[in-house]
Amino acid sequence: MPPLTECVIFLCEDPAKPIPIASFGLDGNGDGHFGYGLRYIERKDAFSIDPLHLPLDAKQQVIPRHQDGSYGVLSDVGPNAWGVRLTSSILRKGKKPLPATPIEWFLQSWHYGSGCLGFSVSNEVNPDIGVRPAPVTALNERLLATINKLAVKIDTELDEEAVQLMQPGASLGGVRPKTVVMSNGFEHIAKFSRADDKFDVPIAEYATMRLACQAGINVPDFELLKIADKSVLLVERFDRTKDGHRLHYMSAKTLINIDVLSPDKREYKTRYSYAGIAETIRPRSQQGMADSHELFRRMVLNILVGNVDDHMRNHALLMTRQRRFALSPAFDIVPHLDATSLPQAIGVGAQGAASTISNALSQCGRFLLTVDEARQIVNEVREVVSHWRHVFKEAGMADTDIHTLTPCFTAADESERIQIAVTRGAPGAENNRPPHAN
Ligand SMILES: Nc1ncnc2c1ncn2[C@@H]1O[C@H](COP(=O)(O)OP(=O)(O)O)[C@@H](O)[C@H]1O
Ligand SMILES: [Mg+2]
């Protein structure tokens, strides 16, 4: 059979009643051609799945193939490095061929990726939402050992139990090992450690989410599990509702849509930045001002905890039931050891991506904040992060791991020292004047 180059896109807001909304096909250059169906456009509840690039009209629209092989909002649903590795492993075990085209990858999906889009070969055939995630209690030591192996060795064999448990997670984005499980009747994402991690990443992510929560950042419910001696982070899915419906999801990568930065990276000071996300969401958001303030708060936290992996795929929008976009709860916030040498992954202020609080404050007006309001947020976040050692220890992190992570918190620890010096009137304040000062 020739490789498939066309498919139909469905909205699976109610997974039991998928609605066909558009056709999507590839041309000879690999670019995508997208067209909403007339029947969909005429529905009262129709909405554009990407209002900036795919307005709701009857014309055929081009979704160019991005440099990384992705197709805008359609690829926000699908797997990245981990999902591709896992899917390949599952298909190999079933002696099935690997998808040969991007369309075949969409069709191959087990439909547990972000959001509510589904894919099928025709209008008449509903997307195959076949597997049901296993309960969290099914996670066990043997499975974790297999995942650990697969994360570092691509040809690791999966047994039947591992396939059952991991299959839904194969459609999720991101690079770290993960799957989808049911807990208290709701879908959760379980994030695992890798054998080559330099510290206990699930504990670090759990503790950082606790800091984020204490700093007033909107995070989903989350929990740390211990299975044998391994930690697993369990996070409730924010793109699912209590009545089992799915919410449309779009990454900031799709929203901002810049593949290649100029050599001088000037886009970091404009659109390819936290403020750029805030400004682009604002006209389309149900809560534009609140989203802007929240983005500023997240940016400050990421600087203070050394999360330099704050790239465009790690920020997202959800479509609310009122058919307006809103910033999603925060996810994937964890210190990175290269924080000492790398700037943030997207722009922070007038100095581009430089990972400093003064840079963060430099464009606070773009977040609709006065300097005083912005400083107030910085102080609140700083105060919370200054207790990071305690929070990480309480989460069960070993002293050696805390030591390993210390350089990530330089900005927070520095400001703590300065704060103490000023409030105690210690050196610096009085006696340590520069030599030529009066
Ligand atoms: N709580 C959540 N609810 C719904 N989707 C989520 C949630 N957390 C993460 N995701 C989605 O899963 C993807 C991978 O998760 P992430 O935590 O970023 O993993 P990684 O550490 O591998 O990058 C994200 O890009 C996002 O699309
Ligand atoms: Mg991520």
# chains A, B, ... in the order shown; residues from 1 in each chain; ligands from 1
$ closest_atom_pairs --of "chain A" --to "ligand 2" --cutoff "8 Å" --atoms "only C-alpha atoms and all ligand atoms" --output "Markdown table"
| residue | atom | partner | partner_atom_place_in_ligand_line | distance |
| --- | --- | --- | --- | --- |
| A:Gly173 | CA | ligand 2 | 1 (Mg) | 7.2 |
| A:Gly174 | CA | ligand 2 | 1 (Mg) | 4.6 |
| A:Val175 | CA | ligand 2 | 1 (Mg) | 6.8 |
| A:Arg176 | CA | ligand 2 | 1 (Mg) | 7.9 |
| A:Asp309 | CA | ligand 2 | 1 (Mg) | 7.8 |
| A:Arg313 | CA | ligand 2 | 1 (Mg) | 6.4 |
| A:Asn314 | CA | ligand 2 | 1 (Mg) | 5.0 |
| A:Phe331 | CA | ligand 2 | 1 (Mg) | 7.4 |
| A:Asp332 | CA | ligand 2 | 1 (Mg) | 5.2 |
$ write_last_selection --atoms "C-alpha atoms" --output "compact mmCIF listing (two decimals), in the first residue's frame"
# COMPACT_ATOMS: atom_id res chain seq x y z
CA GLY A 173 4.83 15.22 23.97
CA GLY A 174 8.11 15.89 25.77
CA VAL A 175 11.38 14.05 26.06
CA ARG A 176 11.23 12.45 29.49
CA ASP A 309 14.19 24.60 29.82
CA ARG A 313 6.55 24.00 24.03
CA ASN A 314 6.54 24.30 27.80
CA PHE A 331 4.00 22.35 33.75
CA ASP A 332 7.53 21.00 33.35
$ residues_near_ligand --ligand "ligand 1" --cutoff "9 Å" --atoms "only C-alpha atoms and all ligand atoms" --output "number ranges by chain"
A: 76-82, 113-115, 172-178, 187-189, 191, 219-222, 234-240, 249-251, 309, 313-316, 328-334
$ closest_residue --among "A:Asp200, A:Glu157, A:Glu373, A:Asp229" --to "Ile402 of chain A" --atoms "only C-alpha atoms"
A:Asp200
$ closest_residue --among "A:Arg389, A:His293, A:Arg298, A:Arg321" --to "Arg246 of chain A" --atoms "only C-alpha atoms"
A:Arg321
$ select_by_dssp --residues "segment 161-261 of chain A" --states "helix (DSSP H, G or I)" --output "short mmCIF file (atom, residue, chain, number, x, y, z; two decimals) with C-alpha atoms, in the first residue's frame"
data_model
loop_
_atom_site.label_atom_id
_atom_site.label_comp_id
_atom_site.auth_asym_id
_atom_site.auth_seq_id
_atom_site.Cartn_x
_atom_site.Cartn_y
_atom_site.Cartn_z
CA GLU A 161 2.27 -5.66 30.60
CA ALA A 162 4.61 -2.79 29.73
CA VAL A 163 2.83 -2.24 26.39
CA GLN A 164 -0.57 -2.08 28.15
CA LEU A 165 0.66 0.45 30.68
CA MET A 166 2.73 2.60 28.39
CA GLN A 167 0.62 2.73 25.22
CA PRO A 168 -1.49 5.83 26.10
CA GLY A 169 1.67 7.72 27.08
CA ALA A 170 3.14 7.13 23.63
CA SER A 171 1.03 9.95 22.21
CA VAL A 201 14.29 14.45 38.78
CA PRO A 202 10.73 13.45 39.85
CA ILE A 203 11.47 14.68 43.40
CA ALA A 204 13.02 17.89 42.04
CA GLU A 205 10.01 18.53 39.78
CA TYR A 206 7.61 17.80 42.65
CA ALA A 207 9.46 20.17 44.99
CA THR A 208 9.66 22.90 42.32
CA MET A 209 5.92 22.58 41.70
CA ARG A 210 5.41 23.02 45.41
CA LEU A 211 7.47 26.21 45.30
CA ALA A 212 5.47 27.38 42.26
CA CYS A 213 2.21 26.69 44.07
CA GLN A 214 3.37 28.56 47.18
CA ALA A 252 3.10 28.80 22.69
CA LYS A 253 5.39 27.41 19.97
CA THR A 254 2.41 27.33 17.62
CA LEU A 255 1.14 30.68 18.86
CA ILE A 256 4.44 32.52 18.31
#
$ residues_around --residues "Gln108 of chain A" --least-positions-apart "6" --cutoff "10 Å" --atoms "only C-alpha atoms" --output "list of chain:residue names"
A:Thr87, A:Leu91, A:Leu98, A:Pro99, A:Pro102, A:Phe119, A:Ser120, A:Pro127, A:Asp128, A:Ser171
$ write_last_selection --atoms "C-alpha atoms" --output "compact mmCIF listing (two decimals), in the first residue's frame"
# COMPACT_ATOMS: atom_id res chain seq x y z
CA THR A 87 5.66 4.05 19.76
CA LEU A 91 5.03 -1.34 17.04
CA LEU A 98 6.72 2.16 11.58
CA PRO A 99 4.63 5.06 10.23
CA PRO A 102 3.79 12.50 9.20
CA PHE A 119 -7.16 11.73 13.36
CA SER A 120 -8.74 9.24 11.02
CA PRO A 127 -10.61 8.17 15.46
CA ASP A 128 -9.57 5.06 17.28
CA SER A 171 1.03 9.95 22.21
$ atom_distance --atom1 "atom CA of His311 of chain A" --atom2 "atom CA of Lys242 of chain A"
29.2 Å
$ atom_distance --atom1 "atom CA of Gln287 of chain A" --atom2 "atom CA of Asp50 of chain A"
18.0 Å
$ closest_residue --among "A:Val73, A:Leu261, A:Ala138, A:Leu304" --to "Ser183 of chain A" --atoms "only C-alpha atoms"
A:Ala138
$ residues_around --residues "Arg271 of chain A" --least-positions-apart "3" --cutoff "9 Å" --atoms "only C-alpha atoms" --output "NGL selection string"
:A and (256 or 258 or 267-268 or 274-277 or 279-280 or 347)
$ write_last_selection --atoms "C-alpha atoms" --output "PDB file, in the first residue's frame"
ATOM      1  CA  ILE A 256       4.441  32.517  18.314  1.00  0.00           C
ATOM      2  CA  ILE A 258       9.052  31.488  14.700  1.00  0.00           C
ATOM      3  CA  GLU A 267      13.279  38.336  18.592  1.00  0.00           C
ATOM      4  CA  TYR A 268      14.144  37.544  22.243  1.00  0.00           C
ATOM      5  CA  TYR A 274       7.391  35.665  27.821  1.00  0.00           C
ATOM      6  CA  ALA A 275       6.061  39.157  27.078  1.00  0.00           C
ATOM      7  CA  GLY A 276       5.500  38.123  23.445  1.00  0.00           C
ATOM      8  CA  ILE A 277       3.332  35.221  24.644  1.00  0.00           C
ATOM      9  CA  GLU A 279       0.783  40.102  24.216  1.00  0.00           C
ATOM     10  CA  THR A 280      -0.249  37.509  21.657  1.00  0.00           C
ATOM     11  CA  GLY A 347      13.207  36.226  25.903  1.00  0.00           C
TER      12      GLY A 347
END
$ select_by_dssp --residues "segment 121-366 of chain A" --states "strand (DSSP E)" --output "ChimeraX atom specification"
/A:178-183,186-191,222-227,230-236,249-251,316-319,325-327
$ write_last_selection --atoms "N, CA and C atoms" --output "JSON list (two decimals), in the first residue's frame"
[["chain", "number", "residue", "atom", "x", "y", "z"],
["A", 178, "LYS", "N", 7.35, 8.91, 30.35],
["A", 178, "LYS", "CA", 6.08, 9.20, 31.02],
["A", 178, "LYS", "C", 4.98, 8.32, 30.46],
["A", 179, "THR", "N", 3.87, 8.21, 31.16],
["A", 179, "THR", "CA", 2.68, 7.59, 30.58],
["A", 179, "THR", "C", 1.43, 8.24, 31.18],
["A", 180, "VAL", "N", 0.26, 7.77, 30.73],
["A", 180, "VAL", "CA", -1.00, 8.27, 31.27],
["A", 180, "VAL", "C", -1.61, 7.16, 32.11],
["A", 181, "VAL", "N", -2.04, 7.50, 33.33],
["A", 181, "VAL", "CA", -2.70, 6.51, 34.20],
["A", 181, "VAL", "C", -3.96, 7.15, 34.78],
["A", 182, "MET", "N", -4.84, 6.29, 35.29],
["A", 182, "MET", "CA", -6.05, 6.79, 35.95],
["A", 182, "MET", "C", -5.81, 6.83, 37.46],
["A", 183, "SER", "N", -6.21, 7.95, 38.07],
["A", 183, "SER", "CA", -6.14, 8.04, 39.53],
["A", 183, "SER", "C", -7.38, 8.79, 39.99],
["A", 186, "PHE", "N", -9.64, 10.01, 37.22],
["A", 186, "PHE", "CA", -9.22, 11.02, 36.25],
["A", 186, "PHE", "C", -7.86, 10.68, 35.64],
["A", 187, "GLU", "N", -7.68, 11.19, 34.42],
["A", 187, "GLU", "CA", -6.40, 10.96, 33.75],
["A", 187, "GLU", "C", -5.29, 11.78, 34.40],
["A", 188, "HIS", "N", -4.19, 11.13, 34.65],
["A", 188, "HIS", "CA", -3.00, 11.79, 35.19],
["A", 188, "HIS", "C", -1.80, 11.44, 34.31],
["A", 189, "ILE", "N", -0.79, 12.31, 34.34],
["A", 189, "ILE", "CA", 0.47, 12.00, 33.66],
["A", 189, "ILE", "C", 1.45, 11.53, 34.74],
["A", 190, "ALA", "N", 2.03, 10.35, 34.52],
["A", 190, "ALA", "CA", 3.05, 9.85, 35.45],
["A", 190, "ALA", "C", 4.41, 10.09, 34.80],
["A", 191, "LYS", "N", 5.27, 10.86, 35.47],
["A", 191, "LYS", "CA", 6.61, 11.15, 34.94],
["A", 191, "LYS", "C", 7.64, 10.37, 35.74],
["A", 222, "PHE", "N", -0.89, 17.67, 42.00],
["A", 222, "PHE", "CA", 0.25, 16.79, 41.75],
["A", 222, "PHE", "C", 0.62, 16.07, 43.03],
["A", 223, "GLU", "N", 1.35, 14.98, 42.85],
["A", 223, "GLU", "CA", 1.64, 14.10, 44.00],
["A", 223, "GLU", "C", 2.93, 13.34, 43.69],
["A", 224, "LEU", "N", 3.66, 13.01, 44.74],
["A", 224, "LEU", "CA", 4.89, 12.23, 44.54],
["A", 224, "LEU", "C", 4.64, 10.81, 45.03],
["A", 225, "LEU", "N", 4.93, 9.83, 44.17],
["A", 225, "LEU", "CA", 4.75, 8.43, 44.56],
["A", 225, "LEU", "C", 6.12, 7.79, 44.74],
["A", 226, "LYS", "N", 6.17, 6.79, 45.63],
["A", 226, "LYS", "CA", 7.38, 5.98, 45.73],
["A", 226, "LYS", "C", 6.99, 4.57, 45.32],
["A", 227, "ILE", "N", 7.67, 4.04, 44.32],
["A", 227, "ILE", "CA", 7.41, 2.66, 43.90],
["A", 227, "ILE", "C", 8.74, 1.93, 44.01],
["A", 230, "LYS", "N", 11.98, 3.96, 43.71],
["A", 230, "LYS", "CA", 11.95, 4.98, 42.65],
["A", 230, "LYS", "C", 10.84, 6.00, 42.91],
["A", 231, "SER", "N", 11.13, 7.26, 42.60],
["A", 231, "SER", "CA", 10.07, 8.27, 42.73],
["A", 231, "SER", "C", 9.41, 8.50, 41.37],
["A", 232, "VAL", "N", 8.11, 8.78, 41.43],
["A", 232, "VAL", "CA", 7.30, 9.03, 40.23],
["A", 232, "VAL", "C", 6.45, 10.26, 40.53],
["A", 233, "LEU", "N", 6.45, 11.21, 39.59],
["A", 233, "LEU", "CA", 5.61, 12.40, 39.77],
["A", 233, "LEU", "C", 4.28, 12.17, 39.05],
["A", 234, "LEU", "N", 3.20, 12.36, 39.78],
["A", 234, "LEU", "CA", 1.87, 12.17, 39.21],
["A", 234, "LEU", "C", 1.19, 13.53, 39.11],
["A", 235, "VAL", "N", 0.80, 13.93, 37.90],
["A", 235, "VAL", "CA", 0.21, 15.26, 37.70],
["A", 235, "VAL", "C", -1.16, 15.10, 37.04],
["A", 236, "GLU", "N", -2.15, 15.74, 37.60],
["A", 236, "GLU", "CA", -3.49, 15.65, 37.02],
["A", 236, "GLU", "C", -3.52, 16.38, 35.68],
["A", 249, "TYR", "N", -6.04, 22.28, 23.00],
["A", 249, "TYR", "CA", -4.73, 22.69, 23.53],
["A", 249, "TYR", "C", -3.87, 23.24, 22.40],
["A", 250, "MET", "N", -3.17, 24.32, 22.67],
["A", 250, "MET", "CA", -2.26, 24.87, 21.66],
["A", 250, "MET", "C", -1.00, 25.36, 22.38],
["A", 251, "SER", "N", 0.16, 24.98, 21.87],
["A", 251, "SER", "CA", 1.40, 25.39, 22.55],
["A", 251, "SER", "C", 1.77, 26.83, 22.19],
["A", 316, "ALA", "N", 1.49, 26.86, 27.30],
["A", 316, "ALA", "CA", 0.39, 26.48, 26.41],
["A", 316, "ALA", "C", -0.90, 27.22, 26.75],
["A", 317, "LEU", "N", -1.82, 27.13, 25.80],
["A", 317, "LEU", "CA", -3.16, 27.70, 25.97],
["A", 317, "LEU", "C", -4.17, 26.57, 25.95],
["A", 318, "LEU", "N", -5.26, 26.79, 26.65],
["A", 318, "LEU", "CA", -6.39, 25.87, 26.58],
["A", 318, "LEU", "C", -7.59, 26.63, 26.07],
["A", 319, "MET", "N", -8.47, 25.95, 25.34],
["A", 319, "MET", "CA", -9.71, 26.57, 24.90],
["A", 319, "MET", "C", -10.77, 26.31, 25.98],
["A", 325, "PHE", "N", -9.51, 31.48, 24.59],
["A", 325, "PHE", "CA", -8.30, 30.84, 25.06],
["A", 325, "PHE", "C", -7.95, 31.33, 26.47],
["A", 326, "ALA", "N", -7.22, 30.53, 27.20],
["A", 326, "ALA", "CA", -6.68, 30.93, 28.51],
["A", 326, "ALA", "C", -5.35, 30.21, 28.70],
["A", 327, "LEU", "N", -4.43, 30.87, 29.40],
["A", 327, "LEU", "CA", -3.14, 30.24, 29.70],
["A", 327, "LEU", "C", -3.39, 28.95, 30.48]]
$ residues_around --residues "segment 28-44 of chain A" --least-positions-apart "5" --cutoff "7 Å" --atoms "only C-alpha atoms" --output "PyMOL selection string"
chain A and resi 21-23+56-65
$ atom_distance --atom1 "atom CA of His53 of chain A" --atom2 "atom CA of Asn302 of chain A"
29.0 Å
$ residues_around --residues "Val121 of chain A" --least-positions-apart "4" --cutoff "7 Å" --atoms "only C-alpha atoms" --output "list in words"
Cys7, Val8 and Val125 of chain A
$ write_last_selection --atoms "C-alpha atoms" --output "mmCIF file, in the first residue's frame"
data_model
loop_
_atom_site.group_PDB
_atom_site.id
_atom_site.type_symbol
_atom_site.label_atom_id
_atom_site.label_comp_id
_atom_site.auth_asym_id
_atom_site.auth_seq_id
_atom_site.Cartn_x
_atom_site.Cartn_y
_atom_site.Cartn_z
ATOM 1 C CA CYS A 7 -6.314 12.379 6.822
ATOM 2 C CA VAL A 8 -9.384 13.869 8.484
ATOM 3 C CA VAL A 125 -14.454 6.422 10.475
#
$ closest_residue --among "A:Tyr71, A:Thr146, A:Ala345, A:His66" --to "Leu54 of chain A" --atoms "only C-alpha atoms"
A:Tyr71
$ closest_residue --among "A:Leu368, A:Ile281, A:Val136, A:Ile217" --to "Glu380 of chain A" --atoms "only C-alpha atoms"
A:Ile217
$ decode --residues "segment 312-385 of chain A" --atoms "C-alpha atoms" --output "PDB file, in the first residue's frame"
ATOM      1  CA  MET A 312       7.911  27.559  23.778  1.00  0.00           C
ATOM      2  CA  ARG A 313       6.554  24.000  24.032  1.00  0.00           C
ATOM      3  CA  ASN A 314       6.535  24.301  27.800  1.00  0.00           C
ATOM      4  CA  HIS A 315       3.878  27.041  27.759  1.00  0.00           C
ATOM      5  CA  ALA A 316       0.391  26.485  26.409  1.00  0.00           C
ATOM      6  CA  LEU A 317      -3.158  27.697  25.973  1.00  0.00           C
ATOM      7  CA  LEU A 318      -6.392  25.867  26.584  1.00  0.00           C
ATOM      8  CA  MET A 319      -9.712  26.571  24.898  1.00  0.00           C
ATOM      9  CA  THR A 320     -12.327  27.202  27.561  1.00  0.00           C
ATOM     10  CA  ARG A 321     -15.925  26.089  27.248  1.00  0.00           C
ATOM     11  CA  GLN A 322     -16.761  29.741  26.387  1.00  0.00           C
ATOM     12  CA  ARG A 323     -14.616  29.325  23.254  1.00  0.00           C
ATOM     13  CA  ARG A 324     -11.930  31.711  24.474  1.00  0.00           C
ATOM     14  CA  PHE A 325      -8.300  30.836  25.064  1.00  0.00           C
ATOM     15  CA  ALA A 326      -6.677  30.934  28.511  1.00  0.00           C
ATOM     16  CA  LEU A 327      -3.140  30.238  29.697  1.00  0.00           C
ATOM     17  CA  SER A 328      -2.898  26.606  30.825  1.00  0.00           C
ATOM     18  CA  PRO A 329      -1.665  25.735  34.320  1.00  0.00           C
ATOM     19  CA  ALA A 330       2.134  25.588  34.555  1.00  0.00           C
ATOM     20  CA  PHE A 331       4.001  22.353  33.754  1.00  0.00           C
ATOM     21  CA  ASP A 332       7.525  21.004  33.350  1.00  0.00           C
ATOM     22  CA  ILE A 333       9.169  23.324  35.869  1.00  0.00           C
ATOM     23  CA  VAL A 334      12.348  21.818  37.234  1.00  0.00           C
ATOM     24  CA  PRO A 335      15.903  23.130  37.874  1.00  0.00           C
ATOM     25  CA  HIS A 336      18.466  22.312  35.162  1.00  0.00           C
ATOM     26  CA  LEU A 337      22.140  21.862  35.911  1.00  0.00           C
ATOM     27  CA  ASP A 338      23.191  23.968  32.924  1.00  0.00           C
ATOM     28  CA  ALA A 339      21.372  26.966  34.446  1.00  0.00           C
ATOM     29  CA  THR A 340      24.743  28.314  35.554  1.00  0.00           C
ATOM     30  CA  SER A 341      25.944  28.643  31.957  1.00  0.00           C
ATOM     31  CA  LEU A 342      22.765  29.085  29.909  1.00  0.00           C
ATOM     32  CA  PRO A 343      20.272  31.932  29.634  1.00  0.00           C
ATOM     33  CA  GLN A 344      16.520  31.264  29.637  1.00  0.00           C
ATOM     34  CA  ALA A 345      15.227  29.521  26.497  1.00  0.00           C
ATOM     35  CA  ILE A 346      13.017  32.463  25.454  1.00  0.00           C
ATOM     36  CA  GLY A 347      13.207  36.226  25.903  1.00  0.00           C
ATOM     37  CA  VAL A 348      12.865  37.761  29.359  1.00  0.00           C
ATOM     38  CA  GLY A 349      13.361  41.505  28.759  1.00  0.00           C
ATOM     39  CA  ALA A 350      15.463  44.219  27.166  1.00  0.00           C
ATOM     40  CA  GLN A 351      18.602  42.056  27.554  1.00  0.00           C
ATOM     41  CA  GLY A 352      17.019  39.227  25.615  1.00  0.00           C
ATOM     42  CA  ALA A 353      17.065  35.860  27.362  1.00  0.00           C
ATOM     43  CA  ALA A 354      19.555  36.885  30.104  1.00  0.00           C
ATOM     44  CA  SER A 355      18.532  35.100  33.254  1.00  0.00           C
ATOM     45  CA  THR A 356      18.413  38.000  35.696  1.00  0.00           C
ATOM     46  CA  ILE A 357      15.744  39.722  37.721  1.00  0.00           C
ATOM     47  CA  SER A 358      16.762  43.162  36.430  1.00  0.00           C
ATOM     48  CA  ASN A 359      16.177  41.874  32.888  1.00  0.00           C
ATOM     49  CA  ALA A 360      12.790  40.519  33.967  1.00  0.00           C
ATOM     50  CA  LEU A 361      11.824  43.912  35.383  1.00  0.00           C
ATOM     51  CA  SER A 362      13.012  45.799  32.292  1.00  0.00           C
ATOM     52  CA  GLN A 363       9.888  45.176  30.195  1.00  0.00           C
ATOM     53  CA  CYS A 364       7.301  44.767  32.946  1.00  0.00           C
ATOM     54  CA  GLY A 365       4.938  47.168  31.146  1.00  0.00           C
ATOM     55  CA  ARG A 366       4.472  44.568  28.412  1.00  0.00           C
ATOM     56  CA  PHE A 367       2.886  42.369  31.097  1.00  0.00           C
ATOM     57  CA  LEU A 368       0.611  45.273  32.115  1.00  0.00           C
ATOM     58  CA  LEU A 369       2.522  45.718  35.374  1.00  0.00           C
ATOM     59  CA  THR A 370       3.938  48.896  36.905  1.00  0.00           C
ATOM     60  CA  VAL A 371       7.496  48.656  38.216  1.00  0.00           C
ATOM     61  CA  ASP A 372       6.174  48.592  41.786  1.00  0.00           C
ATOM     62  CA  GLU A 373       3.726  45.799  41.002  1.00  0.00           C
ATOM     63  CA  ALA A 374       6.438  43.824  39.207  1.00  0.00           C
ATOM     64  CA  ARG A 375       8.837  44.290  42.159  1.00  0.00           C
ATOM     65  CA  GLN A 376       6.130  43.105  44.507  1.00  0.00           C
ATOM     66  CA  ILE A 377       5.752  39.872  42.500  1.00  0.00           C
ATOM     67  CA  VAL A 378       9.529  39.390  42.460  1.00  0.00           C
ATOM     68  CA  ASN A 379       9.633  39.799  46.245  1.00  0.00           C
ATOM     69  CA  GLU A 380       6.823  37.300  46.763  1.00  0.00           C
ATOM     70  CA  VAL A 381       8.436  34.670  44.531  1.00  0.00           C
ATOM     71  CA  ARG A 382      11.896  35.321  46.001  1.00  0.00           C
ATOM     72  CA  GLU A 383      10.639  34.864  49.533  1.00  0.00           C
ATOM     73  CA  VAL A 384       9.141  31.473  48.652  1.00  0.00           C
ATOM     74  CA  VAL A 385      12.177  30.265  46.678  1.00  0.00           C
TER      75      VAL A 385
END
